[in-house]
Amino acid sequence: MAKKLVIKVTAGADAPERCSQAFTVAAVAVASGVDVSVWLTGESSWFALPGRAAEFELPHAAPLPDLIDSLLSGGRLTLCTQCAARREITEKDVIEGVRIAGAQVFVQEALAEDTQALVY
């Protein structure tokens, strides 16, 4: 089993099931002791902002704020640099614990030894 998991989330409220699946898998992996790194890209970028996850609703799914809290307690949450810039999001805007980083860092994480990468 991979000791590290990198998840790129491209979906947000535009594809709620795919978005929820990504965060659910990440939270379960954190709870299982896996080193987890989640990357917010595209429409999921908005979830780096305070209060945005609370606006997300999907029947029969865990609340997104709870999943994000779980992830932040034991994993990493990164907002894509370009995605942030396109939405005029800066480091001072994001919730505590979110970093902003670019493709080079994503590639380094995704290609690290004993790492599994998933894209939702």
# chains A, B, ... in the order shown; residues from 1 in each chain; ligands from 1
$ residues_around --residues "Val30 in chain A" --least-positions-apart "3" --cutoff "12 Å" --atoms "only C-alpha atoms" --output "PDB file with N, CA, C and O atoms, in the first residue's frame"
ATOM      1  N   LYS A   3       2.336   4.701   0.986  1.00  0.00           N
ATOM      2  CA  LYS A   3       2.433   5.358   2.278  1.00  0.00           C
ATOM      3  C   LYS A   3       2.002   6.812   2.194  1.00  0.00           C
ATOM      4  O   LYS A   3       1.735   7.453   3.183  1.00  0.00           O
ATOM      5  N   LYS A   4       1.940   7.347   0.968  1.00  0.00           N
ATOM      6  CA  LYS A   4       1.535   8.732   0.759  1.00  0.00           C
ATOM      7  C   LYS A   4       0.449   8.764  -0.312  1.00  0.00           C
ATOM      8  O   LYS A   4       0.471   7.985  -1.258  1.00  0.00           O
ATOM      9  N   LEU A   5      -0.474   9.690  -0.156  1.00  0.00           N
ATOM     10  CA  LEU A   5      -1.550   9.848  -1.119  1.00  0.00           C
ATOM     11  C   LEU A   5      -1.655  11.322  -1.488  1.00  0.00           C
ATOM     12  O   LEU A   5      -1.758  12.176  -0.613  1.00  0.00           O
ATOM     13  N   VAL A   6      -1.588  11.597  -2.788  1.00  0.00           N
ATOM     14  CA  VAL A   6      -1.752  12.950  -3.301  1.00  0.00           C
ATOM     15  C   VAL A   6      -3.042  12.962  -4.105  1.00  0.00           C
ATOM     16  O   VAL A   6      -3.209  12.154  -5.024  1.00  0.00           O
ATOM     17  N   ILE A   7      -3.946  13.861  -3.748  1.00  0.00           N
ATOM     18  CA  ILE A   7      -5.241  13.949  -4.426  1.00  0.00           C
ATOM     19  C   ILE A   7      -5.392  15.344  -5.011  1.00  0.00           C
ATOM     20  O   ILE A   7      -5.291  16.330  -4.286  1.00  0.00           O
ATOM     21  N   PHE A  23     -12.813  14.508  -1.217  1.00  0.00           N
ATOM     22  CA  PHE A  23     -12.592  14.874   0.178  1.00  0.00           C
ATOM     23  C   PHE A  23     -12.876  13.711   1.122  1.00  0.00           C
ATOM     24  O   PHE A  23     -12.207  13.568   2.152  1.00  0.00           O
ATOM     25  N   THR A  24     -13.850  12.868   0.781  1.00  0.00           N
ATOM     26  CA  THR A  24     -14.143  11.696   1.606  1.00  0.00           C
ATOM     27  C   THR A  24     -12.962  10.729   1.597  1.00  0.00           C
ATOM     28  O   THR A  24     -12.538  10.240   2.655  1.00  0.00           O
ATOM     29  N   VAL A  25     -12.425  10.447   0.423  1.00  0.00           N
ATOM     30  CA  VAL A  25     -11.261   9.560   0.316  1.00  0.00           C
ATOM     31  C   VAL A  25     -10.087  10.145   1.097  1.00  0.00           C
ATOM     32  O   VAL A  25      -9.392   9.435   1.830  1.00  0.00           O
ATOM     33  N   ALA A  26      -9.876  11.440   0.975  1.00  0.00           N
ATOM     34  CA  ALA A  26      -8.776  12.087   1.698  1.00  0.00           C
ATOM     35  C   ALA A  26      -8.958  11.948   3.206  1.00  0.00           C
ATOM     36  O   ALA A  26      -8.007  11.606   3.931  1.00  0.00           O
ATOM     37  N   ALA A  27     -10.157  12.206   3.704  1.00  0.00           N
ATOM     38  CA  ALA A  27     -10.417  12.128   5.140  1.00  0.00           C
ATOM     39  C   ALA A  27     -10.258  10.699   5.661  1.00  0.00           C
ATOM     40  O   ALA A  27      -9.699  10.490   6.742  1.00  0.00           O
ATOM     41  N   GLY A  33      -4.132   6.826   8.825  1.00  0.00           N
ATOM     42  CA  GLY A  33      -2.715   7.034   9.075  1.00  0.00           C
ATOM     43  C   GLY A  33      -1.862   7.283   7.843  1.00  0.00           C
ATOM     44  O   GLY A  33      -0.637   7.258   7.924  1.00  0.00           O
ATOM     45  N   VAL A  34      -2.498   7.515   6.715  1.00  0.00           N
ATOM     46  CA  VAL A  34      -1.769   7.771   5.475  1.00  0.00           C
ATOM     47  C   VAL A  34      -1.358   9.244   5.431  1.00  0.00           C
ATOM     48  O   VAL A  34      -2.106  10.121   5.878  1.00  0.00           O
ATOM     49  N   ASP A  35      -0.183   9.517   4.893  1.00  0.00           N
ATOM     50  CA  ASP A  35       0.277  10.887   4.670  1.00  0.00           C
ATOM     51  C   ASP A  35      -0.470  11.411   3.448  1.00  0.00           C
ATOM     52  O   ASP A  35      -0.274  10.932   2.331  1.00  0.00           O
ATOM     53  N   VAL A  36      -1.352  12.395   3.648  1.00  0.00           N
ATOM     54  CA  VAL A  36      -2.251  12.862   2.593  1.00  0.00           C
ATOM     55  C   VAL A  36      -1.978  14.320   2.247  1.00  0.00           C
ATOM     56  O   VAL A  36      -1.840  15.168   3.127  1.00  0.00           O
ATOM     57  N   SER A  37      -1.942  14.581   0.947  1.00  0.00           N
ATOM     58  CA  SER A  37      -1.819  15.936   0.427  1.00  0.00           C
ATOM     59  C   SER A  37      -2.925  16.145  -0.594  1.00  0.00           C
ATOM     60  O   SER A  37      -3.008  15.420  -1.586  1.00  0.00           O
ATOM     61  N   VAL A  38      -3.794  17.129  -0.340  1.00  0.00           N
ATOM     62  CA  VAL A  38      -4.896  17.433  -1.257  1.00  0.00           C
ATOM     63  C   VAL A  38      -4.614  18.770  -1.929  1.00  0.00           C
ATOM     64  O   VAL A  38      -4.255  19.746  -1.271  1.00  0.00           O
ATOM     65  N   LEU A  67     -15.031  17.329   6.610  1.00  0.00           N
ATOM     66  CA  LEU A  67     -13.987  16.611   5.866  1.00  0.00           C
ATOM     67  C   LEU A  67     -12.715  17.452   5.764  1.00  0.00           C
ATOM     68  O   LEU A  67     -11.603  16.936   5.921  1.00  0.00           O
ATOM     69  N   ILE A  68     -12.876  18.741   5.517  1.00  0.00           N
ATOM     70  CA  ILE A  68     -11.714  19.631   5.418  1.00  0.00           C
ATOM     71  C   ILE A  68     -11.018  19.746   6.770  1.00  0.00           C
ATOM     72  O   ILE A  68      -9.779  19.703   6.851  1.00  0.00           O
ATOM     73  N   ASP A  69     -11.790  19.866   7.854  1.00  0.00           N
ATOM     74  CA  ASP A  69     -11.192  19.918   9.188  1.00  0.00           C
ATOM     75  C   ASP A  69     -10.388  18.651   9.476  1.00  0.00           C
ATOM     76  O   ASP A  69      -9.278  18.720  10.024  1.00  0.00           O
ATOM     77  N   SER A  70     -10.940  17.511   9.101  1.00  0.00           N
ATOM     78  CA  SER A  70     -10.246  16.241   9.294  1.00  0.00           C
ATOM     79  C   SER A  70      -8.938  16.219   8.499  1.00  0.00           C
ATOM     80  O   SER A  70      -7.894  15.804   9.015  1.00  0.00           O
ATOM     81  N   LEU A  71      -9.018  16.688   7.279  1.00  0.00           N
ATOM     82  CA  LEU A  71      -7.823  16.722   6.434  1.00  0.00           C
ATOM     83  C   LEU A  71      -6.756  17.645   7.023  1.00  0.00           C
ATOM     84  O   LEU A  71      -5.579  17.296   7.105  1.00  0.00           O
ATOM     85  N   LEU A  72      -7.173  18.826   7.453  1.00  0.00           N
ATOM     86  CA  LEU A  72      -6.213  19.784   8.002  1.00  0.00           C
ATOM     87  C   LEU A  72      -5.604  19.311   9.318  1.00  0.00           C
ATOM     88  O   LEU A  72      -4.491  19.707   9.669  1.00  0.00           O
ATOM     89  N   SER A  73      -6.310  18.432  10.042  1.00  0.00           N
ATOM     90  CA  SER A  73      -5.784  17.943  11.314  1.00  0.00           C
ATOM     91  C   SER A  73      -4.653  16.938  11.124  1.00  0.00           C
ATOM     92  O   SER A  73      -3.847  16.748  12.028  1.00  0.00           O
ATOM     93  N   GLY A  74      -4.588  16.298   9.955  1.00  0.00           N
ATOM     94  CA  GLY A  74      -3.554  15.283   9.780  1.00  0.00           C
ATOM     95  C   GLY A  74      -2.944  15.217   8.400  1.00  0.00           C
ATOM     96  O   GLY A  74      -2.144  14.329   8.127  1.00  0.00           O
ATOM     97  N   GLY A  75      -3.309  16.135   7.529  1.00  0.00           N
ATOM     98  CA  GLY A  75      -2.779  16.138   6.168  1.00  0.00           C
ATOM     99  C   GLY A  75      -2.446  17.550   5.726  1.00  0.00           C
ATOM    100  O   GLY A  75      -2.349  18.456   6.558  1.00  0.00           O
ATOM    101  N   ARG A  76      -2.273  17.714   4.429  1.00  0.00           N
ATOM    102  CA  ARG A  76      -1.962  19.033   3.871  1.00  0.00           C
ATOM    103  C   ARG A  76      -3.013  19.408   2.841  1.00  0.00           C
ATOM    104  O   ARG A  76      -3.491  18.559   2.094  1.00  0.00           O
ATOM    105  N   LEU A  77      -3.334  20.694   2.793  1.00  0.00           N
ATOM    106  CA  LEU A  77      -4.285  21.223   1.825  1.00  0.00           C
ATOM    107  C   LEU A  77      -3.592  22.367   1.090  1.00  0.00           C
ATOM    108  O   LEU A  77      -3.150  23.330   1.719  1.00  0.00           O
TER     109      LEU A  77
END
$ select_by_dssp --residues "chain A" --states "strand (DSSP E)" --output "PyMOL selection string"
chain A and resi 4-9+35-40+76-80+98-101+115-119
$ atom_distance --atom1 "CA of Ala53 in chain A" --atom2 "CA of Pro65 in chain A"
5.4 Å
$ atom_distance --atom1 "CA of Gln21 in chain A" --atom2 "CA of Phe47 in chain A"
14.6 Å
$ closest_atom_pairs --of "range 8-73 of chain A" --to "range 100-104 of chain A" --cutoff "10 Å" --atoms "only C-alpha atoms" --output "Markdown table"
| residue | atom | partner | partner_atom | distance |
| --- | --- | --- | --- | --- |
| A:Trp39 | CA | A:Ala101 | CA | 9.1 |
| A:Leu40 | CA | A:Ile100 | CA | 9.4 |
| A:Ala48 | CA | A:Ile100 | CA | 9.6 |
$ decode --residues "range 38-83 of chain A" --atoms "N, CA and C atoms" --output "short mmCIF file (atom, residue, chain, number, x, y, z; two decimals), in the first residue's frame"
data_model
loop_
_atom_site.label_atom_id
_atom_site.label_comp_id
_atom_site.auth_asym_id
_atom_site.auth_seq_id
_atom_site.Cartn_x
_atom_site.Cartn_y
_atom_site.Cartn_z
N VAL A 38 -3.79 17.13 -0.34
CA VAL A 38 -4.90 17.43 -1.26
C VAL A 38 -4.61 18.77 -1.93
N TRP A 39 -4.79 18.78 -3.25
CA TRP A 39 -4.57 19.98 -4.05
C TRP A 39 -5.90 20.48 -4.58
N LEU A 40 -6.21 21.74 -4.30
CA LEU A 40 -7.42 22.39 -4.80
C LEU A 40 -7.09 23.09 -6.11
N THR A 41 -7.80 22.68 -7.17
CA THR A 41 -7.61 23.30 -8.48
C THR A 41 -8.97 23.56 -9.10
N GLY A 42 -9.02 24.37 -10.13
CA GLY A 42 -10.29 24.64 -10.79
C GLY A 42 -11.33 25.13 -9.81
N GLU A 43 -12.55 24.62 -9.95
CA GLU A 43 -13.66 25.09 -9.12
C GLU A 43 -13.53 24.74 -7.64
N SER A 44 -12.72 23.74 -7.31
CA SER A 44 -12.54 23.42 -5.88
C SER A 44 -11.69 24.48 -5.18
N SER A 45 -11.05 25.34 -5.95
CA SER A 45 -10.22 26.41 -5.37
C SER A 45 -10.98 27.26 -4.37
N TRP A 46 -12.26 27.44 -4.61
CA TRP A 46 -13.09 28.28 -3.74
C TRP A 46 -13.16 27.74 -2.32
N PHE A 47 -12.94 26.45 -2.12
CA PHE A 47 -13.02 25.86 -0.78
C PHE A 47 -11.83 26.22 0.09
N ALA A 48 -10.86 26.92 -0.45
CA ALA A 48 -9.75 27.43 0.36
C ALA A 48 -10.16 28.67 1.14
N LEU A 49 -11.30 29.24 0.79
CA LEU A 49 -11.77 30.47 1.44
C LEU A 49 -12.67 30.15 2.63
N PRO A 50 -12.59 30.95 3.69
CA PRO A 50 -13.45 30.72 4.86
C PRO A 50 -14.93 30.75 4.47
N GLY A 51 -15.68 29.79 4.99
CA GLY A 51 -17.12 29.76 4.80
C GLY A 51 -17.60 29.11 3.52
N ARG A 52 -16.74 28.96 2.53
CA ARG A 52 -17.19 28.41 1.24
C ARG A 52 -17.60 26.94 1.34
N ALA A 53 -16.89 26.16 2.12
CA ALA A 53 -17.23 24.74 2.24
C ALA A 53 -18.61 24.56 2.89
N ALA A 54 -18.98 25.48 3.78
CA ALA A 54 -20.29 25.40 4.45
C ALA A 54 -21.44 25.60 3.47
N GLU A 55 -21.18 26.23 2.34
CA GLU A 55 -22.21 26.45 1.33
C GLU A 55 -22.45 25.21 0.45
N PHE A 56 -21.54 24.25 0.54
CA PHE A 56 -21.61 23.05 -0.30
C PHE A 56 -22.56 22.04 0.34
N GLU A 57 -23.50 21.54 -0.46
CA GLU A 57 -24.44 20.55 0.04
C GLU A 57 -24.56 19.39 -0.94
N LEU A 58 -24.58 18.18 -0.39
CA LEU A 58 -24.79 16.98 -1.18
C LEU A 58 -25.50 15.97 -0.29
N PRO A 59 -26.72 15.56 -0.66
CA PRO A 59 -27.44 14.60 0.17
C PRO A 59 -26.63 13.32 0.40
N HIS A 60 -26.73 12.79 1.61
CA HIS A 60 -26.10 11.53 2.00
C HIS A 60 -24.57 11.59 1.97
N ALA A 61 -24.03 12.78 2.07
CA ALA A 61 -22.57 12.95 2.10
C ALA A 61 -22.18 13.63 3.39
N ALA A 62 -20.97 13.34 3.85
CA ALA A 62 -20.46 14.03 5.04
C ALA A 62 -20.32 15.52 4.72
N PRO A 63 -20.57 16.37 5.71
CA PRO A 63 -20.44 17.81 5.49
C PRO A 63 -19.00 18.16 5.08
N LEU A 64 -18.87 18.94 4.04
CA LEU A 64 -17.55 19.30 3.53
C LEU A 64 -16.69 20.00 4.58
N PRO A 65 -17.23 20.90 5.40
CA PRO A 65 -16.37 21.51 6.43
C PRO A 65 -15.75 20.47 7.37
N ASP A 66 -16.51 19.43 7.71
CA ASP A 66 -15.98 18.38 8.58
C ASP A 66 -14.85 17.62 7.89
N LEU A 67 -15.03 17.33 6.61
CA LEU A 67 -13.99 16.61 5.87
C LEU A 67 -12.72 17.45 5.76
N ILE A 68 -12.88 18.74 5.52
CA ILE A 68 -11.71 19.63 5.42
C ILE A 68 -11.02 19.75 6.77
N ASP A 69 -11.79 19.87 7.85
CA ASP A 69 -11.19 19.92 9.19
C ASP A 69 -10.39 18.65 9.48
N SER A 70 -10.94 17.51 9.10
CA SER A 70 -10.25 16.24 9.29
C SER A 70 -8.94 16.22 8.50
N LEU A 71 -9.02 16.69 7.28
CA LEU A 71 -7.82 16.72 6.43
C LEU A 71 -6.76 17.65 7.02
N LEU A 72 -7.17 18.83 7.45
CA LEU A 72 -6.21 19.78 8.00
C LEU A 72 -5.60 19.31 9.32
N SER A 73 -6.31 18.43 10.04
CA SER A 73 -5.78 17.94 11.31
C SER A 73 -4.65 16.94 11.12
N GLY A 74 -4.59 16.30 9.96
CA GLY A 74 -3.55 15.28 9.78
C GLY A 74 -2.94 15.22 8.40
N GLY A 75 -3.31 16.14 7.53
CA GLY A 75 -2.78 16.14 6.17
C GLY A 75 -2.45 17.55 5.73
N ARG A 76 -2.27 17.71 4.43
CA ARG A 76 -1.96 19.03 3.87
C ARG A 76 -3.01 19.41 2.84
N LEU A 77 -3.33 20.69 2.79
CA LEU A 77 -4.29 21.22 1.82
C LEU A 77 -3.59 22.37 1.09
N THR A 78 -3.49 22.23 -0.22
CA THR A 78 -2.77 23.20 -1.04
C THR A 78 -3.68 23.75 -2.12
N LEU A 79 -3.62 25.05 -2.31
CA LEU A 79 -4.33 25.73 -3.39
C LEU A 79 -3.34 26.00 -4.51
N CYS A 80 -3.70 25.62 -5.71
CA CYS A 80 -2.88 25.82 -6.90
C CYS A 80 -2.60 27.31 -7.10
N THR A 81 -1.35 27.65 -7.35
CA THR A 81 -0.94 29.04 -7.53
C THR A 81 -1.70 29.72 -8.66
N GLN A 82 -1.76 29.10 -9.83
CA GLN A 82 -2.45 29.70 -10.97
C GLN A 82 -3.94 29.82 -10.72
N CYS A 83 -4.52 28.80 -10.11
CA CYS A 83 -5.96 28.83 -9.83
C CYS A 83 -6.28 29.95 -8.85
#
